[in-house]
>>> print(open('structure.csv').read())   # CSV, C-alpha atoms
chain,number,residue,atom,x,y,z
A,73,THR,CA,30.3,39.4,-21.4
A,74,ASP,CA,34.0,38.8,-22.3
A,75,TYR,CA,33.4,36.4,-25.2
A,76,VAL,CA,30.5,35.8,-27.5
A,77,VAL,CA,30.3,32.5,-29.4
A,78,GLY,CA,28.1,31.8,-32.4
A,79,HIS,CA,25.4,33.9,-34.1
A,80,ASN,CA,22.2,31.9,-33.7
A,81,GLN,CA,20.7,28.6,-32.4
A,82,ASN,CA,22.1,26.7,-35.4
A,83,SER,CA,25.7,27.9,-35.0
A,84,VAL,CA,28.4,25.3,-34.4
A,85,THR,CA,31.7,26.7,-33.1
A,86,ASN,CA,35.0,24.9,-32.2
A,87,ILE,CA,36.6,26.5,-29.2
A,88,ASP,CA,40.1,26.3,-30.9
A,89,ARG,CA,38.8,28.7,-33.5
A,90,THR,CA,37.9,31.3,-31.0
A,91,GLN,CA,39.9,33.8,-28.9
A,92,ILE,CA,39.0,31.9,-25.7
A,93,PRO,CA,42.3,30.7,-24.1
A,94,ALA,CA,42.8,27.0,-23.0
A,95,LEU,CA,43.0,28.3,-19.4
A,96,LEU,CA,40.1,30.7,-18.8
A,97,GLY,CA,39.7,32.2,-15.3
A,98,TYR,CA,37.3,34.8,-13.9
A,99,LYS,CA,35.7,35.5,-17.3
A,100,SER,CA,32.3,35.2,-19.0
A,101,ILE,CA,31.1,33.6,-22.2
A,102,CYS,CA,27.8,33.8,-24.0
A,103,ILE,CA,27.0,30.8,-26.2
A,104,ASN,CA,24.7,30.7,-29.2
A,105,GLY,CA,24.2,27.3,-30.7
A,106,ARG,CA,26.8,24.6,-29.9
A,107,LEU,CA,30.3,25.2,-28.6
A,108,ASN,CA,32.6,22.2,-29.2
A,109,ILE,CA,35.4,21.6,-26.7
A,110,ASN,CA,37.9,20.2,-29.1
A,111,ARG,CA,41.2,21.0,-27.3
A,112,ALA,CA,43.3,18.4,-25.5
A,113,HIS,CA,42.4,20.3,-22.3
A,114,GLN,CA,40.1,23.2,-21.7
A,115,ILE,CA,39.8,24.7,-18.2
A,116,PHE,CA,37.1,27.0,-16.9
A,117,ASN,CA,38.0,28.4,-13.5
A,118,HIS,CA,35.6,30.8,-11.7
A,119,CYS,CA,33.8,31.5,-15.0
A,120,THR,CA,30.2,32.4,-15.9
A,121,ILE,CA,28.9,30.6,-19.0
A,122,PHE,CA,25.6,32.1,-20.4
A,123,PHE,CA,23.6,30.0,-22.8
A,124,ALA,CA,21.0,31.3,-25.3
A,125,PRO,CA,17.9,29.1,-25.7
A,126,GLY,CA,18.8,25.7,-27.1
A,127,ALA,CA,22.6,26.3,-26.7
A,128,SER,CA,25.0,23.6,-25.5
A,129,ILE,CA,28.6,22.7,-24.8
A,130,ALA,CA,29.9,19.4,-26.3
A,131,VAL,CA,33.1,17.9,-25.0
A,132,ASN,CA,34.5,16.1,-28.1
A,133,SER,CA,36.3,12.8,-28.2
A,134,ASN,CA,40.0,13.0,-27.1
A,135,SER,CA,39.3,16.3,-25.4
A,136,ARG,CA,39.0,17.2,-21.7
A,137,LEU,CA,37.0,19.8,-19.9
A,138,THR,CA,37.9,20.7,-16.4
A,139,SER,CA,35.4,23.1,-14.8
A,140,GLY,CA,35.6,24.4,-11.2
A,141,TYR,CA,33.8,27.1,-9.3
A,142,SER,CA,31.9,28.2,-12.4
A,143,ASN,CA,28.3,29.1,-13.1
A,144,TYR,CA,26.3,27.8,-16.1
A,145,LEU,CA,23.1,29.8,-16.7
A,146,ALA,CA,20.4,30.7,-19.1
A,147,CYS,CA,20.6,34.2,-20.4
A,148,GLN,CA,17.3,34.9,-22.2
A,149,GLY,CA,14.8,33.5,-19.7
A,150,LYS,CA,14.5,30.1,-21.5
A,151,MET,CA,16.1,26.7,-21.0
A,152,TYR,CA,19.2,25.6,-22.9
A,153,LEU,CA,20.4,22.1,-23.8
A,154,GLY,CA,23.3,21.7,-21.3
A,155,ILE,CA,26.8,20.1,-21.2
A,156,ILE,CA,27.3,16.9,-23.3
A,157,ALA,CA,30.2,14.6,-22.8
A,158,ASP,CA,30.8,12.7,-26.1
A,159,PRO,CA,32.2,9.2,-26.3
A,160,GLY,CA,35.9,9.3,-25.7
A,161,SER,CA,35.8,12.7,-23.9
A,162,THR,CA,36.9,13.4,-20.3
A,163,LEU,CA,35.0,15.6,-17.9
A,164,TYR,CA,36.1,16.9,-14.5
A,165,ALA,CA,33.5,19.1,-12.8
A,166,PHE,CA,33.6,20.4,-9.2
A,167,HIS,CA,32.0,23.2,-7.2
A,168,ASN,CA,29.9,24.4,-10.2
A,169,THR,CA,26.3,25.7,-10.4
A,170,ILE,CA,24.4,24.3,-13.4
A,171,GLN,CA,21.0,25.9,-13.7
A,172,ASP,CA,18.0,25.9,-16.0
A,173,ALA,CA,19.2,23.3,-18.6
A,174,GLU,CA,17.2,20.5,-20.2
A,175,ILE,CA,20.0,18.2,-19.1
A,176,GLY,CA,22.6,19.7,-16.8
A,177,ILE,CA,25.3,17.1,-17.8
A,178,GLU,CA,24.7,14.3,-20.3
A,179,LEU,CA,27.2,11.4,-20.1
A,180,ASN,CA,27.4,9.2,-23.2
A,181,PRO,CA,29.0,5.8,-23.4
A,182,GLY,CA,32.8,5.9,-23.4
A,183,ALA,CA,33.0,9.2,-21.7
A,184,ARG,CA,35.6,9.3,-19.0
A,185,ILE,CA,34.3,10.9,-15.8
A,186,PHE,CA,37.3,12.0,-13.8
A,187,SER,CA,35.1,13.5,-11.1
A,188,LEU,CA,31.6,14.9,-10.6
A,189,THR,CA,31.6,16.3,-7.1
A,190,GLN,CA,30.1,19.1,-5.1
A,191,ASN,CA,28.1,20.7,-7.9
A,192,ALA,CA,24.7,22.3,-7.5
A,193,PHE,CA,22.1,21.4,-10.2
A,194,ILE,CA,19.1,23.8,-9.9
A,195,GLY,CA,16.0,24.0,-12.0
A,196,ASN,CA,17.1,21.5,-14.7
A,197,HIS,CA,14.7,19.1,-16.3
A,198,ILE,CA,17.3,16.4,-15.5
A,199,GLY,CA,20.4,17.1,-13.5
A,200,ILE,CA,22.8,14.3,-14.7
A,201,SER,CA,21.7,11.9,-17.5
A,202,MET,CA,23.4,8.6,-18.6
A,203,PRO,CA,20.9,8.0,-21.5
A,204,GLN,CA,22.6,5.3,-23.5
A,205,GLY,CA,24.2,3.0,-21.0
A,206,GLY,CA,27.9,2.1,-21.0
A,207,ASP,CA,30.5,1.7,-18.2
A,208,PHE,CA,32.3,4.9,-17.3
A,209,THR,CA,35.9,5.0,-16.3
A,210,SER,CA,34.9,6.6,-13.0
A,211,PRO,CA,31.2,6.4,-12.4
A,212,ILE,CA,31.2,7.9,-8.8
A,213,ILE,CA,28.9,10.9,-8.5
A,214,THR,CA,29.4,12.4,-5.1
A,215,SER,CA,28.3,15.3,-2.9
A,216,ASN,CA,26.1,17.0,-5.5
A,217,ASP,CA,22.9,18.9,-4.7
A,218,PHE,CA,19.8,18.6,-7.0
A,219,SER,CA,16.7,20.9,-6.6
A,220,SER,CA,14.0,22.9,-8.3
A,221,ILE,CA,12.7,25.1,-5.6
A,222,ASN,CA,11.4,27.8,-8.0
A,223,GLY,CA,10.4,25.5,-10.8
A,224,LEU,CA,11.7,25.5,-14.4
A,225,LEU,CA,12.0,28.2,-17.1
A,226,PRO,CA,9.9,28.1,-20.3
A,227,PRO,CA,9.1,26.0,-22.2
A,228,ARG,CA,8.7,24.0,-19.0
A,229,SER,CA,7.1,26.6,-16.8
A,230,GLY,CA,5.1,25.1,-14.0
A,231,GLU,CA,7.1,21.9,-13.9
A,232,LEU,CA,9.6,20.6,-11.4
A,233,THR,CA,12.8,18.7,-12.1
A,234,TYR,CA,11.8,15.3,-13.6
A,235,ALA,CA,14.9,13.5,-12.1
A,236,GLY,CA,18.1,14.6,-10.4
A,237,ILE,CA,19.9,11.6,-12.0
A,238,TYR,CA,18.7,9.4,-14.8
A,239,SER,CA,20.4,6.2,-15.9
A,240,SER,CA,19.5,4.0,-18.8
A,241,GLY,CA,21.6,0.9,-19.0
A,242,ALA,CA,24.6,2.5,-17.1
A,243,LEU,CA,26.7,1.6,-14.1
A,244,ALA,CA,26.9,4.3,-11.5
A,245,ILE,CA,27.8,4.9,-7.8
A,246,ILE,CA,26.0,7.8,-6.2
A,247,LYS,CA,27.1,9.0,-2.8
A,248,HIS,CA,26.4,11.9,-0.4
A,249,CYS,CA,24.0,13.6,-2.8
A,250,ASP,CA,20.9,15.6,-1.8
A,251,PHE,CA,17.6,15.7,-3.9
A,252,THR,CA,15.0,18.3,-2.9
A,253,ASN,CA,11.7,19.5,-4.3
A,254,MET,CA,11.5,17.6,-7.5
A,255,ARG,CA,9.3,14.9,-9.1
A,256,ASN,CA,11.8,12.0,-8.7
A,257,GLY,CA,15.2,11.7,-7.2
A,258,ILE,CA,16.9,9.0,-9.2
A,259,ILE,CA,15.5,7.0,-12.1
A,260,CYS,CA,17.2,3.7,-13.2
A,261,GLU,CA,16.0,1.9,-16.2
A,262,ASN,CA,17.0,-0.6,-18.9
A,263,ASN,CA,19.5,-2.9,-17.2
A,264,SER,CA,21.2,-0.2,-15.1
A,265,ILE,CA,23.3,-1.2,-12.1
A,266,VAL,CA,23.2,1.6,-9.6
A,267,PHE,CA,24.5,1.9,-6.0
A,268,VAL,CA,22.9,4.7,-3.9
A,269,GLU,CA,24.7,5.0,-0.6
A,270,ASP,CA,26.4,6.9,2.1
A,271,ASP,CA,24.1,9.6,3.3
A,272,CYS,CA,22.1,10.5,0.1
A,273,GLU,CA,19.1,12.5,1.2
A,274,PHE,CA,15.8,12.7,-0.7
A,275,THR,CA,13.2,15.3,0.5
A,276,ASP,CA,9.9,16.4,-1.0
A,277,LEU,CA,9.5,14.3,-4.1
A,278,ILE,CA,6.3,15.9,-5.5
A,279,PRO,CA,4.2,14.0,-8.0
A,280,GLU,CA,2.3,15.7,-10.9
A,281,ASN,CA,-0.6,13.3,-10.1
A,282,LEU,CA,-1.3,12.5,-6.4
A,283,ASN,CA,-3.0,9.3,-7.5
A,284,SER,CA,0.1,8.0,-9.4
A,285,THR,CA,0.6,4.3,-8.8
A,286,ALA,CA,3.6,2.0,-8.6
A,287,GLY,CA,5.3,1.5,-12.0
A,288,VAL,CA,5.1,5.2,-12.8
A,289,PRO,CA,8.1,7.5,-12.0
A,290,ASP,CA,6.1,10.3,-10.3
A,291,GLY,CA,6.8,11.3,-6.7
A,292,VAL,CA,9.5,8.6,-6.1
A,293,GLY,CA,12.8,8.8,-4.3
A,294,VAL,CA,14.5,6.0,-6.2
A,295,TYR,CA,12.6,4.5,-9.2
A,296,VAL,CA,14.0,1.3,-10.7
A,297,ASP,CA,12.7,-0.5,-13.8
A,298,ARG,CA,14.5,-3.7,-15.2
A,299,SER,CA,17.7,-2.9,-13.3
A,300,ILE,CA,19.7,-3.8,-10.3
A,301,ILE,CA,19.7,-1.5,-7.2
A,302,ASN,CA,21.5,-1.1,-3.9
A,303,VAL,CA,20.2,1.6,-1.5
A,304,SER,CA,22.0,1.9,1.8
A,305,ASN,CA,22.5,4.5,4.5
A,306,CYS,CA,20.1,7.0,2.9
A,307,THR,CA,17.2,9.1,4.1
A,308,ILE,CA,14.0,9.4,2.0
A,309,THR,CA,11.2,11.7,3.3
A,310,ASN,CA,7.9,13.0,1.9
A,311,SER,CA,7.2,11.1,-1.3
A,312,LEU,CA,4.5,8.9,-2.7
A,313,ILE,CA,6.8,5.9,-2.8
A,314,ALA,CA,10.3,6.1,-1.4
A,315,ILE,CA,11.8,3.2,-3.4
A,316,ASN,CA,9.8,1.7,-6.3
A,317,THR,CA,11.3,-1.3,-8.1
A,318,ASN,CA,9.7,-3.0,-11.1
A,319,TYR,CA,10.9,-6.1,-12.9
A,320,SER,CA,14.2,-5.6,-11.1
A,321,TRP,CA,16.6,-7.1,-8.5
A,322,ILE,CA,16.9,-5.5,-5.1
A,323,LEU,CA,20.5,-6.4,-4.4
A,324,ASN,CA,20.4,-4.6,-1.0
A,325,VAL,CA,18.2,-2.1,0.8
A,326,SER,CA,19.6,-1.5,4.2
A,327,GLU,CA,20.2,0.9,7.1
A,328,ASN,CA,17.9,3.6,5.5
A,329,ILE,CA,15.5,6.0,7.2
A,330,ILE,CA,12.3,6.1,5.2
A,331,GLN,CA,9.7,8.5,6.6
A,332,ASN,CA,6.4,10.0,5.7
A,333,ASN,CA,5.7,8.2,2.4
A,334,ARG,CA,2.6,6.6,1.0
A,335,VAL,CA,4.6,3.4,0.7
A,336,GLY,CA,8.2,3.0,2.0
A,337,LEU,CA,9.3,0.3,-0.5
A,338,HIS,CA,7.1,-1.2,-3.2
A,339,ASP,CA,8.6,-4.0,-5.3
A,340,ARG,CA,6.8,-5.5,-8.3
A,341,PHE,CA,7.7,-8.6,-10.4
A,342,SER,CA,11.3,-9.1,-9.0
A,343,TYR,CA,13.6,-11.4,-10.9
A,344,GLY,CA,16.3,-11.7,-8.2
A,345,PRO,CA,16.3,-12.4,-4.5
A,346,GLY,CA,15.8,-9.3,-2.4
A,347,THR,CA,17.5,-8.2,0.8
A,348,ILE,CA,15.8,-5.6,2.9
A,349,VAL,CA,17.3,-5.3,6.4
A,350,ASP,CA,18.0,-2.9,9.2
A,351,ASN,CA,15.8,-0.1,7.9
A,352,GLN,CA,13.7,2.4,9.9
A,353,VAL,CA,10.3,2.8,8.1
A,354,LEU,CA,8.3,5.6,9.7
A,355,GLU,CA,4.9,7.2,9.2
A,356,TYR,CA,3.8,5.3,6.1
A,357,TRP,CA,0.3,6.0,4.8
A,358,GLU,CA,-0.5,2.6,3.3
A,359,GLN,CA,2.4,0.1,3.6
A,360,GLY,CA,5.9,0.2,5.0
A,361,ILE,CA,7.2,-2.6,2.7
A,362,ARG,CA,5.1,-4.1,-0.1
A,363,ILE,CA,6.2,-7.0,-2.3
A,364,ASP,CA,4.0,-8.0,-5.3
A,365,ASN,CA,4.3,-10.9,-7.6
A,366,PRO,CA,8.0,-11.8,-7.9
A,367,LEU,CA,8.9,-14.5,-10.3
A,368,ASN,CA,8.2,-18.0,-8.9
A,369,GLY,CA,11.1,-19.2,-6.7
A,370,ILE,CA,12.4,-15.7,-5.9
A,371,PHE,CA,12.8,-15.3,-2.1
A,372,PHE,CA,13.3,-12.2,0.1
A,373,LYS,CA,15.1,-11.5,3.4
A,374,ILE,CA,13.1,-8.9,5.3
A,375,ASN,CA,14.8,-8.8,8.7
A,376,ASP,CA,15.6,-6.5,11.6
A,377,ASN,CA,13.5,-3.6,10.3
A,378,ILE,CA,11.8,-1.1,12.6
A,379,PHE,CA,8.3,0.2,11.7
A,380,LEU,CA,6.8,3.1,13.5
A,381,ASN,CA,3.5,4.6,12.4
A,382,GLN,CA,1.7,6.6,15.1
A,383,ASN,CA,1.2,10.0,13.6
A,384,ALA,CA,0.1,9.2,10.0
A,385,GLN,CA,-3.6,9.5,9.3
A,386,ALA,CA,-5.3,6.1,9.9
A,387,SER,CA,-5.8,4.2,6.7
A,388,THR,CA,-9.1,2.6,5.7
A,389,GLN,CA,-7.4,0.6,2.9
A,390,ALA,CA,-7.8,-3.2,3.4
A,391,GLU,CA,-4.2,-3.8,2.4
A,392,ALA,CA,-2.7,-1.2,4.8
A,393,ALA,CA,0.1,-3.0,6.7
A,394,ALA,CA,3.7,-2.6,7.9
A,395,ILE,CA,4.7,-5.5,5.7
A,396,PHE,CA,2.5,-6.8,2.8
A,397,LEU,CA,3.5,-9.8,0.8
A,398,ASP,CA,1.3,-10.8,-2.2
A,399,ASN,CA,1.9,-13.9,-4.3
A,400,VAL,CA,5.5,-14.5,-3.0
A,401,ARG,CA,6.2,-18.1,-3.7
A,402,SER,CA,9.6,-19.6,-2.9
A,403,LEU,CA,9.6,-22.9,-4.6
A,404,GLN,CA,12.2,-24.5,-2.3
A,405,ALA,CA,11.2,-25.0,1.3
A,406,LEU,CA,14.9,-25.1,2.2
A,407,ILE,CA,15.2,-21.5,1.0
A,408,PRO,CA,12.1,-19.7,2.2
A,409,SER,CA,11.5,-16.0,2.3
A,410,GLN,CA,12.5,-14.7,5.7
A,411,LEU,CA,10.6,-12.3,8.0
A,412,VAL,CA,12.7,-12.2,11.1
A,413,HIS,CA,12.9,-9.9,14.1
A,414,ASN,CA,11.0,-7.0,12.6
A,415,ILE,CA,9.6,-4.6,15.3
A,416,ILE,CA,6.3,-2.9,14.4
A,417,THR,CA,4.5,-0.2,16.4
A,418,GLN,CA,1.5,1.3,14.8
A,419,LYS,CA,-2.2,2.2,14.9
A,420,SER,CA,-4.8,-0.6,15.0
A,421,SER,CA,-6.2,0.3,11.6
A,422,TYR,CA,-3.1,-1.3,10.0
A,423,LYS,CA,-2.1,-4.9,9.9
A,424,GLY,CA,1.3,-5.8,11.2
A,425,ILE,CA,2.3,-8.4,8.6
A,426,PHE,CA,-0.2,-9.3,5.8
A,427,ILE,CA,0.6,-12.3,3.7
A,428,ARG,CA,-1.6,-13.3,0.8
A,429,ASN,CA,-1.4,-16.1,-1.8
A,430,SER,CA,2.1,-16.9,-0.7
A,431,ASP,CA,4.1,-20.0,0.1
A,432,ASN,CA,7.3,-20.8,2.2
A,433,ILE,CA,7.4,-17.7,4.3
A,434,ALA,CA,9.5,-18.1,7.5
A,435,ALA,CA,8.1,-15.5,9.9
A,436,GLN,CA,9.8,-15.6,13.3
A,437,ILE,CA,10.4,-13.4,16.3
A,438,ASN,CA,8.5,-10.4,15.0
A,439,GLU,CA,6.9,-8.0,17.4
A,440,VAL,CA,3.7,-6.0,16.7
A,441,HIS,CA,2.6,-3.3,19.1
A,442,TYR,CA,-0.9,-1.8,18.9
A,443,ASN,CA,-1.9,1.1,21.2
A,444,GLY,CA,-0.3,-0.4,24.2
A,445,PHE,CA,-1.1,-4.0,23.4
A,446,GLU,CA,1.7,-6.2,22.4
A,447,LEU,CA,1.7,-9.3,20.1
A,448,TYR,CA,4.8,-11.4,19.6
A,449,GLY,CA,6.0,-14.2,17.3
A,450,ASN,CA,3.9,-14.6,14.2
A,451,SER,CA,1.1,-12.4,15.4
A,452,GLY,CA,-0.4,-9.4,13.7
A,453,PHE,CA,-1.0,-11.1,10.4
>>> encode(input="structure.csv", output="structure tokens")
Amino acid sequence: TDYVVGHNQNSVTNIDRTQIPALLGYKSICINGRLNINRAHQIFNHCTIFFAPGASIAVNSNSRLTSGYSNYLACQGKMYLGIIADPGSTLYAFHNTIQDAEIGIELNPGARIFSLTQNAFIGNHIGISMPQGGDFTSPIITSNDFSSINGLLPPRSGELTYAGIYSSGALAIIKHCDFTNMRNGIICENNSIVFVEDDCEFTDLIPENLNSTAGVPDGVGVYVDRSIINVSNCTITNSLIAINTNYSWILNVSENIIQNNRVGLHDRFSYGPGTIVDNQVLEYWEQGIRIDNPLNGIFFKINDNIFLNQNAQASTQAEAAAIFLDNVRSLQALIPSQLVHNIITQKSSYKGIFIRNSDNIAAQINEVHYNGFELYGNSGF
């Protein structure tokens, strides 16, 4: 190790009081306690940063950290806190590996995010966290990989990453990111506005409890609570629920491939009109799309989706269906919910379209195919 910072977990060290130069390349640092980045501009280039248990880097207000091609690692077999961007700080991170942290990068309100791109987040409890809301100068998070293939270090032994990205009240745009082998891909809560788009891939979202239900972030690709969400041009495979929205607004869910999930999309208690169009929903165990109890007057557009369910184990659940609407009541007949031109091919143990306790549903030109038999129009209910 080229530089050792701090003496114990309670140490607080300002980097301008160390021998570490403002431009550090191809060197290593071992951090005990907290290292404050309090220079106008600190650069780590091809460096290795080791963290003792509980250690962290904090980028202070009016300071900037640029990190490229560097590794951030635990050094004593236990998790560390991670990298914290304080209000008024600036962070530019690209081509780094951030591993074994409680939170890989924590972005606080007022932090300026110049770029977060092409980083690998491995074995962190949360990869990127926006825990206190706020609008960021550049909220685009692009081309990052999140995974926990080998689980987490103590004190979280036996766990997987809880979420690749967590947002509470923040605005964020997430593009071209991969989420693999973790409990949840993205969690959005508390009035977040999040756009997930352009080839994000979610694979193997593994719940702690196989019986977890909607409304619990456990085995979910994109989990949304009291927020606004857009998910487009993404792939979500092998989860309990691919997209789970609660007390939220589905701004747009379109052109996704959603495959091998218990439920493709499960929406509960929506407060805004939902658009769900042009998706491929494949091999669902219970429902492809399920809408429960939106506010009275809220309408949905569920059009031009393809449902294919030939290989999944036949369901004995009475509510098993490609599309299930429960208590969906558009109060205005002139603005009904739409179910138009959906094509459904599945086993006969599933209903095609199941509508219960609902009003003003315009279902037209849908096709339902069962084992070689074809039903058209409003059939298959």
>>> atom_distance(input="structure.csv", atom1="CA of Asn80 (chain A)", atom2="CA of Pro181 (chain A)")
28.9 Å
>>> residues_around(input="structure.csv", residues="region 265-279 of chain A", least_positions_apart="5", cutoff="6 Å", atoms="all atoms listed in the file", output="short mmCIF file (atom, residue, chain, number, x, y, z; two decimals) with C-alpha atoms, in the frame of the given file")
data_model
loop_
_atom_site.label_atom_id
_atom_site.label_comp_id
_atom_site.auth_asym_id
_atom_site.auth_seq_id
_atom_site.Cartn_x
_atom_site.Cartn_y
_atom_site.Cartn_z
CA LEU A 243 26.70 1.60 -14.10
CA ALA A 244 26.90 4.30 -11.50
CA ILE A 245 27.80 4.90 -7.80
CA ILE A 246 26.00 7.80 -6.20
CA LYS A 247 27.10 9.00 -2.80
CA HIS A 248 26.40 11.90 -0.40
CA CYS A 249 24.00 13.60 -2.80
CA ASP A 250 20.90 15.60 -1.80
CA PHE A 251 17.60 15.70 -3.90
CA THR A 252 15.00 18.30 -2.90
CA ASN A 253 11.70 19.50 -4.30
CA MET A 254 11.50 17.60 -7.50
CA ARG A 255 9.30 14.90 -9.10
CA ASN A 256 11.80 12.00 -8.70
CA ASP A 290 6.10 10.30 -10.30
CA GLY A 291 6.80 11.30 -6.70
CA SER A 299 17.70 -2.90 -13.30
CA ILE A 300 19.70 -3.80 -10.30
CA ILE A 301 19.70 -1.50 -7.20
CA ASN A 302 21.50 -1.10 -3.90
CA VAL A 303 20.20 1.60 -1.50
CA SER A 304 22.00 1.90 1.80
CA ASN A 305 22.50 4.50 4.50
CA CYS A 306 20.10 7.00 2.90
CA THR A 307 17.20 9.10 4.10
CA ILE A 308 14.00 9.40 2.00
CA THR A 309 11.20 11.70 3.30
CA ASN A 310 7.90 13.00 1.90
CA SER A 311 7.20 11.10 -1.30
#
>>> atom_distance(input="structure.csv", atom1="CA of Thr90 (chain A)", atom2="CA of Ile129 (chain A)")
14.1 Å
>>> atom_distance(input="structure.csv", atom1="CA of Asp297 (chain A)", atom2="CA of Leu312 (chain A)")
16.7 Å
>>> residues_around(input="structure.csv", residues="region 232-241 of chain A", least_positions_apart="6", cutoff="7 Å", atoms="all atoms listed in the file", output="list in words")
Gly195, Asn196, His197, Ile198, Gly199, Ile200, Ser201, Met202, Pro203, Gln204, Gly205, Gly206, Phe218, Ser220, Gly223, Leu224, Phe251, Met254, Arg255, Asn256, Gly257, Ile258, Ile259, Cys260, Glu261, Asn262, Asn263 and Ser264 of chain A
>>> residues_around(input="structure.csv", residues="region 329-339 of chain A", least_positions_apart="2", cutoff="9 Å", atoms="all atoms listed in the file", output="ChimeraX atom specification")
/A:286,305-320,322,327,341-342,351-366,384
>>> residues_near_point(input="structure.csv", point="(1.1, -13.8, -0.8)", cutoff="7 Å", atoms="only C-alpha atoms", output="number ranges by chain")
A: 397-400, 427-431
>>> residues_near_point(input="structure.csv", point="(22.7, 28.9, -29.6)", cutoff="6 Å", atoms="all atoms listed in the file", output="list of chain:residue names")
A:Asn80, A:Gln81, A:Ile103, A:Asn104, A:Gly105, A:Arg106, A:Ala124, A:Gly126, A:Ala127
>>> residues_around(input="structure.csv", residues="region 163-180 of chain A", least_positions_apart="5", cutoff="6 Å", atoms="only C-alpha atoms", output="VMD selection string")
chain A and resid 136 to 145 151 to 158 185 to 202
>>> decode(input="structure.csv", residues="region 353-390 of chain A", atoms="C-alpha atoms", output="compact mmCIF listing (two decimals), in the first residue's frame")
# COMPACT_ATOMS: atom_id res chain seq x y z
CA VAL A 353 -44.86 -10.89 -21.94
CA LEU A 354 -43.64 -14.49 -21.99
CA GLU A 355 -43.95 -17.53 -19.69
CA TYR A 356 -45.73 -15.95 -16.72
CA TRP A 357 -46.70 -18.25 -13.85
CA GLU A 358 -49.84 -16.38 -12.72
CA GLN A 359 -50.56 -13.20 -14.68
CA GLY A 360 -48.93 -11.34 -17.53
CA ILE A 361 -50.41 -7.95 -16.55
CA ARG A 362 -52.45 -7.42 -13.38
CA ILE A 363 -54.15 -4.15 -12.39
CA ASP A 364 -55.76 -3.95 -8.92
CA ASN A 365 -57.87 -1.17 -7.42
CA PRO A 366 -56.71 2.05 -9.06
CA LEU A 367 -58.33 5.25 -7.83
CA ASN A 368 -61.82 5.75 -9.22
CA GLY A 369 -61.66 7.43 -12.61
CA ILE A 370 -58.15 6.24 -13.45
CA PHE A 371 -58.00 4.58 -16.86
CA PHE A 372 -55.42 2.38 -18.56
CA LYS A 373 -54.31 1.83 -22.13
CA ILE A 374 -53.21 -1.81 -22.51
CA ASN A 375 -52.73 -2.21 -26.24
CA ASP A 376 -50.68 -4.14 -28.79
CA ASN A 377 -49.01 -6.48 -26.31
CA ILE A 378 -48.02 -10.06 -27.12
CA PHE A 379 -48.53 -12.76 -24.48
CA LEU A 380 -47.02 -16.21 -24.97
CA ASN A 381 -47.26 -18.82 -22.22
CA GLN A 382 -46.69 -22.34 -23.50
CA ASN A 383 -43.87 -23.70 -21.37
CA ALA A 384 -44.60 -22.38 -17.87
CA GLN A 385 -46.14 -24.87 -15.46
CA ALA A 386 -49.93 -24.82 -15.75
CA SER A 387 -51.50 -22.71 -13.01
CA THR A 388 -54.39 -23.85 -10.83
CA GLN A 389 -54.96 -20.31 -9.51
CA ALA A 390 -58.46 -19.03 -10.27
